[in-house]
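Colleague: Input structure: final.tsv, which contains TSV, C-alpha atoms.
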```
chain	number	residue	atom	x	y	z
K	1	MET	CA	25.54	-14.94	-6.38
K	2	ASN	CA	22.76	-12.91	-4.91
K	3	VAL	CA	19.76	-13.71	-7.06
K	4	LEU	CA	17.28	-11.62	-5.13
K	5	GLY	CA	18.62	-8.21	-5.98
K	6	THR	CA	20.30	-5.52	-3.97
K	7	ASP	CA	17.17	-4.62	-2.05
K	8	ASP	CA	17.31	-7.91	-0.26
K	9	GLU	CA	21.03	-8.15	0.36
K	10	HIS	CA	20.76	-7.43	4.08
K	11	TRP	CA	18.44	-10.34	4.50
K	12	PHE	CA	20.60	-12.80	2.70
K	13	ASP	CA	24.10	-14.07	2.79
K	14	ASP	CA	25.27	-15.43	-0.53
K	15	ALA	CA	26.39	-18.70	0.99
K	16	ALA	CA	24.14	-19.07	4.01
K	17	GLY	CA	20.88	-17.69	2.70
K	18	ARG	CA	18.56	-15.80	5.03
K	19	LEU	CA	20.64	-14.75	7.99
K	20	ILE	CA	17.96	-14.62	10.67
K	21	ARG	CA	14.75	-16.47	10.16
K	22	PRO	CA	11.85	-14.06	10.62
K	23	TYR	CA	10.05	-16.00	13.31
K	24	THR	CA	13.24	-16.25	15.34
K	25	VAL	CA	12.87	-12.52	15.86
K	26	SER	CA	9.33	-13.03	17.16
K	27	ASN	CA	10.36	-15.99	19.31
K	28	GLY	CA	8.23	-18.32	17.23
K	29	ARG	CA	5.03	-16.32	17.67
K	30	THR	CA	2.88	-15.65	14.63
K	31	GLU	CA	0.12	-13.48	16.13
K	32	PRO	CA	0.55	-9.99	17.56
K	33	THR	CA	-1.22	-9.26	20.87
K	34	THR	CA	-2.59	-5.97	19.51
K	35	ARG	CA	-4.40	-6.03	16.18
K	36	MET	CA	-2.37	-3.98	13.75
K	37	GLU	CA	-2.56	-3.19	10.09
K	38	LEU	CA	0.04	-1.97	7.65
K	39	LEU	CA	-1.26	1.56	8.05
K	40	SER	CA	-1.69	1.53	11.81
K	41	MET	CA	0.11	4.54	13.25
K	42	VAL	CA	2.70	4.06	15.96
K	43	ILE	CA	4.75	6.40	18.11
K	44	ALA	CA	7.08	5.95	21.06
K	45	THR	CA	5.54	7.09	24.36
K	46	GLY	CA	8.89	7.98	25.89
K	47	ARG	CA	8.32	5.45	28.66
K	48	ARG	CA	11.08	2.88	28.90
K	49	PRO	CA	9.87	-0.67	29.39
K	50	HIS	CA	11.10	-2.55	32.44
K	51	GLY	CA	14.08	-4.71	31.78
K	52	GLN	CA	16.44	-4.85	28.87
K	53	LEU	CA	15.06	-4.71	25.35
K	54	GLY	CA	16.39	-7.22	22.85
K	55	PRO	CA	18.07	-5.79	19.75
K	56	ASP	CA	15.03	-6.22	17.50
K	57	HIS	CA	12.63	-4.57	19.93
K	58	ALA	CA	15.15	-1.79	20.54
K	59	GLN	CA	15.54	-1.21	16.81
K	60	ALA	CA	11.77	-1.17	16.30
K	61	LEU	CA	11.34	1.28	19.16
K	62	GLY	CA	14.10	3.45	17.71
K	63	LEU	CA	12.10	3.80	14.49
K	64	CYS	CA	9.04	5.11	16.38
K	65	GLY	CA	10.62	8.37	17.55
K	66	SER	CA	8.15	10.33	15.45
K	67	VAL	CA	4.77	9.09	14.33
K	68	THR	CA	5.04	6.47	11.60
K	69	THR	CA	3.26	3.42	10.21
K	70	VAL	CA	3.71	-0.30	10.75
K	71	ALA	CA	4.53	-0.56	7.03
K	72	GLU	CA	7.43	1.88	7.31
K	73	VAL	CA	8.84	0.26	10.43
K	74	ALA	CA	8.65	-3.14	8.72
K	75	ALA	CA	10.36	-1.86	5.61
K	76	ARG	CA	13.15	-0.23	7.56
K	77	LEU	CA	13.63	-3.28	9.78
K	78	ARG	CA	13.61	-5.43	6.62
K	79	LEU	CA	11.27	-7.81	8.35
K	80	PRO	CA	7.93	-9.15	7.14
K	81	ALA	CA	5.00	-7.05	8.32
K	82	VAL	CA	3.58	-9.88	10.42
K	83	VAL	CA	6.80	-10.16	12.45
K	84	THR	CA	7.04	-6.40	12.80
K	85	LYS	CA	3.49	-6.30	14.17
K	86	ILE	CA	4.51	-8.77	16.88
K	87	LEU	CA	7.51	-6.66	17.90
K	88	LEU	CA	5.41	-3.48	17.95
K	89	SER	CA	2.54	-5.09	19.85
K	90	ASP	CA	5.05	-6.22	22.49
K	91	LEU	CA	6.18	-2.59	22.79
K	92	VAL	CA	2.53	-1.51	23.11
K	93	ASP	CA	2.05	-4.10	25.87
K	94	TRP	CA	5.09	-2.73	27.67
K	95	GLY	CA	3.85	0.85	27.42
K	96	ALA	CA	6.71	1.98	25.19
K	97	VAL	CA	4.62	2.56	22.06
K	98	ASP	CA	1.13	3.92	21.35
K	99	ALA	CA	-0.71	2.59	18.32
K	100	ARG	CA	-3.82	3.59	16.44
K	101	SER	CA	-5.62	1.51	13.85
K	102	PRO	CA	-6.50	3.26	10.60
K	103	ASP	CA	-10.06	4.30	9.94
K	104	PRO	CA	-9.67	5.39	6.34
K	105	LEU	CA	-13.30	4.84	5.38
K	106	ALA	CA	-14.35	7.63	7.69
K	107	ASP	CA	-11.83	9.99	6.17
K	108	SER	CA	-11.95	9.16	2.48
K	109	SER	CA	-15.72	9.48	2.34
K	110	ASN	CA	-15.42	13.01	3.68
K	111	PRO	CA	-15.56	15.65	0.89
K	112	ALA	CA	-13.58	18.14	2.98
K	113	VAL	CA	-10.74	15.65	3.30
K	114	LEU	CA	-10.74	15.05	-0.46
K	115	GLU	CA	-10.54	18.82	-1.05
K	116	THR	CA	-7.63	19.08	1.37
K	117	ILE	CA	-5.80	16.34	-0.50
K	118	LEU	CA	-6.53	17.97	-3.85
K	119	ASN	CA	-5.16	21.31	-2.69
K	120	ALA	CA	-2.05	19.71	-1.25
K	121	LEU	CA	-1.36	17.81	-4.47
K	122	GLU	CA	-1.87	20.92	-6.59
K	123	ARG	CA	0.67	22.77	-4.46
K	124	ARG	CA	3.23	20.10	-5.38
K	125	LEU	CA	3.08	20.95	-9.09
R	126	MET	CA	-2.87	-0.56	26.70
R	127	PRO	CA	-6.05	0.51	24.93
R	128	LEU	CA	-5.80	1.82	21.42
R	129	ASN	CA	-6.29	5.49	20.96
R	130	ASP	CA	-9.07	6.66	18.79
R	131	GLY	CA	-10.33	9.95	17.50
R	132	SER	CA	-8.52	13.24	17.88
R	133	ASP	CA	-5.42	12.07	19.66
R	134	GLY	CA	-2.72	13.74	17.61
R	135	PHE	CA	-2.21	10.79	15.31
R	136	PRO	CA	-2.51	11.64	11.62
R	137	SER	CA	-4.80	9.46	9.52
R	138	ALA	CA	-3.18	7.29	6.89
R	139	LEU	CA	-5.11	7.15	3.62
R	140	LYS	CA	-4.45	4.37	1.15
R	141	LEU	CA	-4.24	4.65	-2.61
R	142	LEU	CA	-3.54	1.64	-4.78
R	143	ILE	CA	-1.40	1.65	-7.90
R	144	ALA	CA	-2.44	-1.36	-9.95
R	145	GLY	CA	-1.68	-2.78	-13.37
R	146	GLY	CA	0.22	-5.59	-15.01
R	147	PHE	CA	3.76	-6.70	-14.29
R	148	GLY	CA	6.37	-4.26	-15.52
R	149	VAL	CA	3.91	-1.49	-16.32
R	150	GLY	CA	5.72	0.99	-14.08
R	151	LYS	CA	3.91	0.83	-10.74
R	152	THR	CA	7.03	1.18	-8.60
R	153	THR	CA	8.37	3.87	-10.94
R	154	PHE	CA	5.12	5.77	-10.50
R	155	VAL	CA	5.26	5.45	-6.71
R	156	GLY	CA	8.87	6.66	-6.73
R	157	SER	CA	8.01	9.70	-8.86
R	158	VAL	CA	5.40	11.06	-6.46
R	159	SER	CA	6.61	9.79	-3.09
R	160	GLU	CA	8.46	12.08	-0.70
R	161	ILE	CA	10.53	9.09	0.42
R	162	GLU	CA	12.37	6.48	-1.59
R	163	PRO	CA	9.88	3.69	-2.28
R	164	LEU	CA	9.98	1.13	0.50
R	165	ARG	CA	9.16	-2.53	0.29
R	166	THR	CA	7.26	-4.61	2.79
R	167	GLU	CA	6.16	-8.21	2.83
R	168	GLU	CA	2.68	-8.90	4.06
R	169	LEU	CA	0.90	-12.17	4.62
R	170	LEU	CA	-2.38	-12.06	2.72
R	171	THR	CA	-5.24	-14.49	2.64
R	172	THR	CA	-6.45	-15.73	-0.70
R	173	ALA	CA	-9.41	-17.92	-1.50
R	174	SER	CA	-8.39	-21.03	-3.36
R	175	VAL	CA	-8.75	-20.89	-7.11
R	176	GLY	CA	-8.47	-23.47	-9.81
R	177	THR	CA	-9.90	-26.90	-10.31
R	178	ASP	CA	-9.20	-28.57	-7.00
R	179	ARG	CA	-11.99	-26.97	-5.06
R	180	LEU	CA	-14.30	-29.34	-3.23
R	181	THR	CA	-17.94	-28.43	-3.39
R	182	GLY	CA	-19.05	-26.47	-0.36
R	183	VAL	CA	-15.60	-26.26	1.10
R	184	GLU	CA	-14.13	-22.79	1.25
R	185	ARG	CA	-10.43	-23.18	1.17
R	186	LYS	CA	-8.19	-20.32	2.01
R	187	SER	CA	-4.47	-20.06	1.96
R	188	THR	CA	-2.04	-17.38	2.89
R	189	THR	CA	0.57	-16.00	0.57
R	190	THR	CA	3.40	-13.63	1.27
R	191	VAL	CA	3.42	-10.77	-1.18
R	192	ALA	CA	5.90	-7.96	-1.51
R	193	MET	CA	4.49	-4.48	-1.96
R	194	ASP	CA	6.29	-1.28	-2.78
R	195	PHE	CA	4.94	1.84	-1.23
R	196	GLY	CA	5.56	5.54	-0.91
R	197	ARG	CA	4.28	8.41	1.17
R	198	ILE	CA	2.94	11.93	0.61
R	199	THR	CA	2.32	14.10	3.66
R	200	ILE	CA	-0.85	16.10	3.03
R	201	SER	CA	-1.13	17.92	6.34
R	202	GLN	CA	-0.59	17.32	10.02
R	203	GLU	CA	-3.81	15.32	10.00
R	204	HIS	CA	-3.49	13.31	6.81
R	205	VAL	CA	-0.82	11.22	5.16
R	206	LEU	CA	-1.30	9.52	1.82
R	207	TYR	CA	0.24	6.10	1.28
R	208	LEU	CA	0.55	4.70	-2.22
R	209	PHE	CA	0.80	0.94	-2.50
R	210	GLY	CA	1.91	-0.74	-5.68
R	211	THR	CA	-0.08	-3.95	-5.95
R	212	PRO	CA	1.97	-7.05	-6.71
R	213	GLY	CA	1.84	-7.33	-10.47
R	214	GLN	CA	3.45	-10.67	-11.01
R	215	GLU	CA	0.55	-12.43	-9.38
R	216	ARG	CA	-2.42	-12.97	-11.63
R	217	PHE	CA	-4.80	-13.31	-8.74
R	218	TRP	CA	-3.79	-10.38	-6.60
R	219	PHE	CA	-7.30	-9.00	-6.99
R	220	MET	CA	-8.62	-11.72	-4.74
R	221	TRP	CA	-6.75	-10.34	-1.79
R	222	ASP	CA	-9.30	-8.29	0.00
R	223	GLU	CA	-6.91	-7.03	2.58
R	224	LEU	CA	-4.98	-5.14	-0.01
R	225	SER	CA	-7.96	-3.10	-1.04
R	226	SER	CA	-9.88	-2.76	2.19
R	227	GLY	CA	-10.11	0.86	3.15
R	228	ALA	CA	-8.55	2.12	-0.07
R	229	MET	CA	-9.86	5.57	-0.96
R	230	GLY	CA	-9.12	5.13	-4.65
R	231	ALA	CA	-6.90	3.52	-7.24
R	232	ILE	CA	-4.85	4.23	-10.32
R	233	VAL	CA	-4.75	1.53	-12.97
R	234	LEU	CA	-1.58	1.88	-15.00
R	235	ALA	CA	-1.96	0.60	-18.54
R	236	ASP	CA	0.52	-0.24	-21.26
R	237	THR	CA	-1.24	-0.10	-24.62
R	238	ARG	CA	0.98	-2.92	-25.91
R	239	ARG	CA	-0.46	-5.22	-23.24
R	240	LEU	CA	-3.78	-3.66	-22.50
R	241	GLU	CA	-5.32	-6.93	-21.32
R	242	ASP	CA	-2.94	-6.95	-18.32
R	243	CYS	CA	-5.04	-4.31	-16.63
R	244	PHE	CA	-8.42	-5.99	-17.17
R	245	PRO	CA	-8.40	-7.77	-13.77
R	246	ALA	CA	-7.72	-4.50	-11.94
R	247	VAL	CA	-10.50	-2.70	-13.80
R	248	ASP	CA	-12.94	-5.52	-13.05
R	249	PHE	CA	-11.93	-5.59	-9.42
R	250	PHE	CA	-12.25	-1.88	-8.68
R	251	GLU	CA	-15.56	-1.71	-10.55
R	252	SER	CA	-16.98	-4.61	-8.56
R	253	ARG	CA	-15.82	-3.17	-5.25
R	254	GLY	CA	-17.02	0.34	-6.00
R	255	ILE	CA	-13.52	1.76	-5.53
R	256	GLY	CA	-13.09	4.92	-7.61
R	257	PHE	CA	-10.25	4.69	-10.12
R	258	VAL	CA	-8.70	6.31	-13.16
R	259	ILE	CA	-6.85	4.69	-16.05
R	260	ALA	CA	-3.38	6.13	-16.54
R	261	VAL	CA	-1.77	5.11	-19.80
R	262	ASN	CA	1.95	5.01	-19.20
R	263	GLU	CA	3.57	6.28	-22.37
R	264	PHE	CA	6.48	4.04	-23.18
R	265	ASP	CA	8.87	5.04	-25.92
R	266	GLY	CA	7.70	3.77	-29.26
R	267	THR	CA	4.15	2.94	-28.28
R	268	CYS	CA	1.50	4.31	-30.52
R	269	ARG	CA	-1.04	6.58	-28.94
R	270	TYR	CA	-4.62	5.55	-28.96
R	271	GLU	CA	-7.56	7.84	-28.76
R	272	PRO	CA	-9.25	7.77	-25.35
R	273	ASP	CA	-12.50	6.61	-26.96
R	274	ASP	CA	-10.76	3.61	-28.52
R	275	LEU	CA	-9.22	2.71	-25.17
R	276	ARG	CA	-12.54	3.17	-23.44
R	277	SER	CA	-14.27	0.71	-25.70
R	278	ALA	CA	-11.32	-1.71	-25.57
R	279	LEU	CA	-11.53	-1.66	-21.78
R	280	ASP	CA	-15.33	-1.56	-21.75
R	281	LEU	CA	-15.13	1.38	-19.36
R	282	LYS	CA	-18.02	3.45	-18.08
R	283	SER	CA	-18.09	6.93	-19.56
R	284	ASP	CA	-17.29	8.62	-16.25
R	285	VAL	CA	-13.99	6.80	-15.62
R	286	PRO	CA	-11.22	9.20	-16.64
R	287	ILE	CA	-8.45	8.06	-18.96
R	288	VAL	CA	-5.25	10.08	-18.74
R	289	HIS	CA	-1.84	9.75	-20.33
R	290	CYS	CA	1.26	9.98	-18.20
R	291	ASP	CA	4.96	9.41	-17.97
R	292	ALA	CA	5.36	7.43	-14.76
R	293	ARG	CA	9.00	8.60	-14.48
R	294	ASP	CA	8.05	12.25	-14.33
R	295	HIS	CA	7.01	13.85	-11.03
R	296	ARG	CA	4.67	16.44	-12.54
R	297	SER	CA	3.04	13.93	-14.80
R	298	ALA	CA	2.53	11.30	-12.09
R	299	ASN	CA	1.36	13.93	-9.60
R	300	GLY	CA	-1.11	15.08	-12.25
R	301	VAL	CA	-2.58	11.59	-12.34
R	302	LEU	CA	-3.11	11.72	-8.57
R	303	ILE	CA	-4.86	15.06	-8.96
R	304	GLY	CA	-7.06	13.57	-11.68
R	305	LEU	CA	-7.98	10.71	-9.40
R	306	VAL	CA	-8.93	12.94	-6.46
R	307	HIS	CA	-10.94	15.16	-8.83
R	308	HIS	CA	-12.75	12.08	-10.03
R	309	LEU	CA	-13.46	10.94	-6.47
R	310	ILE	CA	-14.89	14.35	-5.60
R	311	THR	CA	-17.12	14.64	-8.68
R	312	SER	CA	-18.36	11.05	-8.56
R	313	ARG	CA	-19.21	11.50	-4.89
R	314	ALA	CA	-21.09	14.68	-5.64
R	315	ARG	CA	-23.13	12.93	-8.36
R	316	ARG	CA	-24.28	10.19	-6.03
```
How would this structure read if it were set down as structure tokens?
Modeller:
Amino acid sequence: MNVLGTDDEHWFDDAAGRLIRPYTVSNGRTEPTTRMELLSMVIATGRRPHGQLGPDHAQALGLCGSVTTVAEVAARLRLPAVVTKILLSDLVDWGAVDARSPDPLADSSNPAVLETILNALERRL
Amino acid sequence: MPLNDGSDGFPSALKLLIAGGFGVGKTTFVGSVSEIEPLRTEELLTTASVGTDRLTGVERKSTTTVAMDFGRITISQEHVLYLFGTPGQERFWFMWDELSSGAMGAIVLADTRRLEDCFPAVDFFESRGIGFVIAVNEFDGTCRYEPDDLRSALDLKSDVPIVHCDARDHRSANGVLIGLVHHLITSRARR
């Protein structure tokens, strides 16, 4: 019986448990080479890295076709954020992905930004 | 490859936190306002050790994997709002600085049947100076309290808004977001 709910069913086999251990995907590494946060933005550069991408890197790259966040890539890969950051930082190292760290303090302390958000939310009503 | 910074075509991601006790409706709230189905991610967070086993002068930290549900609202080409539901089953989530760092504001969902569940969130956002509103999620069969009664029960400052909402309803939940941003604008202007 799957005790972890339907959201996790791709991660788990009823009999075998977790199908691929997360750090297998990252080849045992636990630290990304580029500092990334959940809300770092990533996008594919269009440059193909030299050599053949493994399936996990290829899947991660495939999710960066338009600008997105580390959090979304992690969720869609169904991998922990820390492993996803390693995959994405590899892609940054290989020139296949551009990344930008969030600087939300600069934005959220800006009254003009708050007004923009307010107007956008009011349009949704 | 160096990181880009500044006006490079990347939108800025802004973080809002949806906090409150376990089962209060955080993920429901995120789902009601998000333009995407709520997604789940697991992040490794650092927590200072708590409890009785602390040795004097020794700061002990440990890492814990927590699952967070989140949603997205595109504001413009330059700004995207991300709403993170804080993990409610963990009593000590408020110790995880990483979760709150850079958050522009927070919504504390409250269930009047278990009002004490939201005390830690209120304490935390007050101590960190993160602007927040209290959103009382109206469950069927709960009695309504007057805002003043709730305010004194929560020992809230007079300028923290208290709103009622139905976390399942898009308009209602979106209205809470609007209330929060209003509050952030007015409290900033008063400073």
Colleague: For a cut-off of 10 Å around (-0.8, 16.5, -8.6), file coordinates, pick out all residues using all atoms listed in the file and list them as an MDAnalysis selection string.
Modeller: (chainID K and resid 117:125) or (chainID R and resid 158 295:306)
Colleague: Using all atoms listed in the file, find the one residue out of R:Leu240, R:Ile143, R:Val191, R:Leu309 that sits nearest to Ala292 in chain R.
Modeller: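 Under the stated criterion, the closest residue is R:Ile143.
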Colleague: Do you know which residues are at most 9 Å from range 250-257 of chain R counting only C-alpha atoms, after dropping those on the same chain fewer than 2 positions away, and could you put them as a list in words?
Modeller: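 That gives Phe219, Ser225, Ala228, Met229, Gly230, Ala231, Ile232, Val233, Pro245, Ala246, Val247, Asp248, Ile259, Val285, Pro286, Leu305, His308, Leu309 and Ser312 of chain R.
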Colleague: Axis-aligned box over every listed atom of range 309-314 of chain R, padded by 5 Å per side: centre and edges in Å to one decimal, as AutoDock Vina command-line options?
Modeller:
```
--center_x -17.3 --center_y 12.8 --center_z -6.8 --size_x 17.6 --size_y 13.7 --size_z 13.8
```
Colleague: Write out as a list in words each polymer residue whose atoms come within 10 Å of Glu160 in chain R, counting only C-alpha atoms; drop sequence neighbours fewer than 3 positions from it.
Modeller: Val155, Gly156, Ser157, Pro163, Gly196, Arg197, Ile198 and Thr199 of chain R
Colleague: Suppose you want the space between CA of Leu87 in chain K and CA of Leu38 in chain K; what is it in Å?
Modeller: 13.5 Å
Colleague: Give me the chain K side of the contact with chain R, cut-off 8 Å, one line per residue showing its nearest atom pair and distance in Å at one decimal, counting all atoms listed in the file, sorted by chain and residue number, as a tab-separated table.
Modeller:
```
residue	atom	partner	partner_atom	distance
K:Leu39	CA	R:Ala138	CA	6.2
K:Ser40	CA	R:Ala138	CA	7.7
K:Met41	CA	R:Phe135	CA	7.0
K:Val67	CA	R:Phe135	CA	7.3
K:Ala71	CA	R:Thr166	CA	6.5
K:Glu72	CA	R:Leu164	CA	7.3
K:Ala74	CA	R:Thr166	CA	6.3
K:Ala75	CA	R:Thr166	CA	5.0
K:Arg76	CA	R:Leu164	CA	7.9
K:Arg78	CA	R:Thr166	CA	7.5
K:Leu79	CA	R:Glu167	CA	7.5
K:Pro80	CA	R:Glu167	CA	4.8
K:Ala81	CA	R:Glu168	CA	5.2
K:Val82	CA	R:Glu168	CA	6.5
K:Val92	CA	R:Met126	CA	6.6
K:Asp93	CA	R:Met126	CA	6.1
K:Gly95	CA	R:Met126	CA	6.9
K:Asp98	CA	R:Leu128	CA	7.2
K:Ala99	CA	R:Leu128	CA	6.0
K:Arg100	CA	R:Asn129	CA	5.5
K:Ser101	CA	R:Leu128	CA	7.6
K:Pro102	CA	R:Ala138	CA	6.4
K:Asp103	CA	R:Ser137	CA	7.4
K:Pro104	CA	R:Gly227	CA	5.6
K:Leu105	CA	R:Gly227	CA	5.6
K:Asp107	CA	R:Leu139	CA	7.7
K:Ser108	CA	R:Met229	CA	5.4
K:Ser109	CA	R:Met229	CA	7.8
K:Pro111	CA	R:Ile310	CA	6.7
K:Leu114	CA	R:Val306	CA	6.6
K:Glu115	CA	R:Ile310	CA	7.7
K:Thr116	CA	R:Ile200	CA	7.6
K:Ile117	CA	R:Ile200	CA	6.1
K:Leu118	CA	R:Ile303	CA	6.1
K:Ala120	CA	R:Ile200	CA	5.7
K:Leu121	CA	R:Ile303	CA	6.3
K:Glu122	CA	R:Ile303	CA	7.0
K:Arg124	CA	R:Asn299	CA	7.7
K:Leu125	CA	R:Arg296	CA	5.9
```
Colleague: Rounded to one decimal in Å, what is the spacing between CA of Phe147 in chain R and CA of Arg293 in chain R?
Modeller: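 About the pair CA of Phe147 in chain R and CA of Arg293 in chain R: they are 16.2 Å apart.
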Colleague: Could you state the separation of CA of Val42 in chain K and CA of Val97 in chain K in Å, given to one decimal place?
Modeller: 6.6 Å
Colleague: Rank nothing, just name the residue among R:Thr237, R:Val258, R:Gly210, R:Asp242 nearest to Glu271 in chain R, using all atoms listed in the file.
Modeller: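 Distance minimum relative to Glu271 in chain R lands on R:Thr237.
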Colleague: Which residue gives the smallest distance to Thr69 in chain K among K:Glu37, K:His57, K:Asp90, K:Asn110, with all atoms listed in the file counted?
Modeller: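 Closest to Thr69 in chain K of all the choices is K:Glu37.
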Colleague: From the options R:Leu142, R:Ala278, R:Leu208, R:Leu234, which residue's atoms come nearest to Ile161 in chain R, counting all atoms listed in the file?
Modeller: R:Leu208
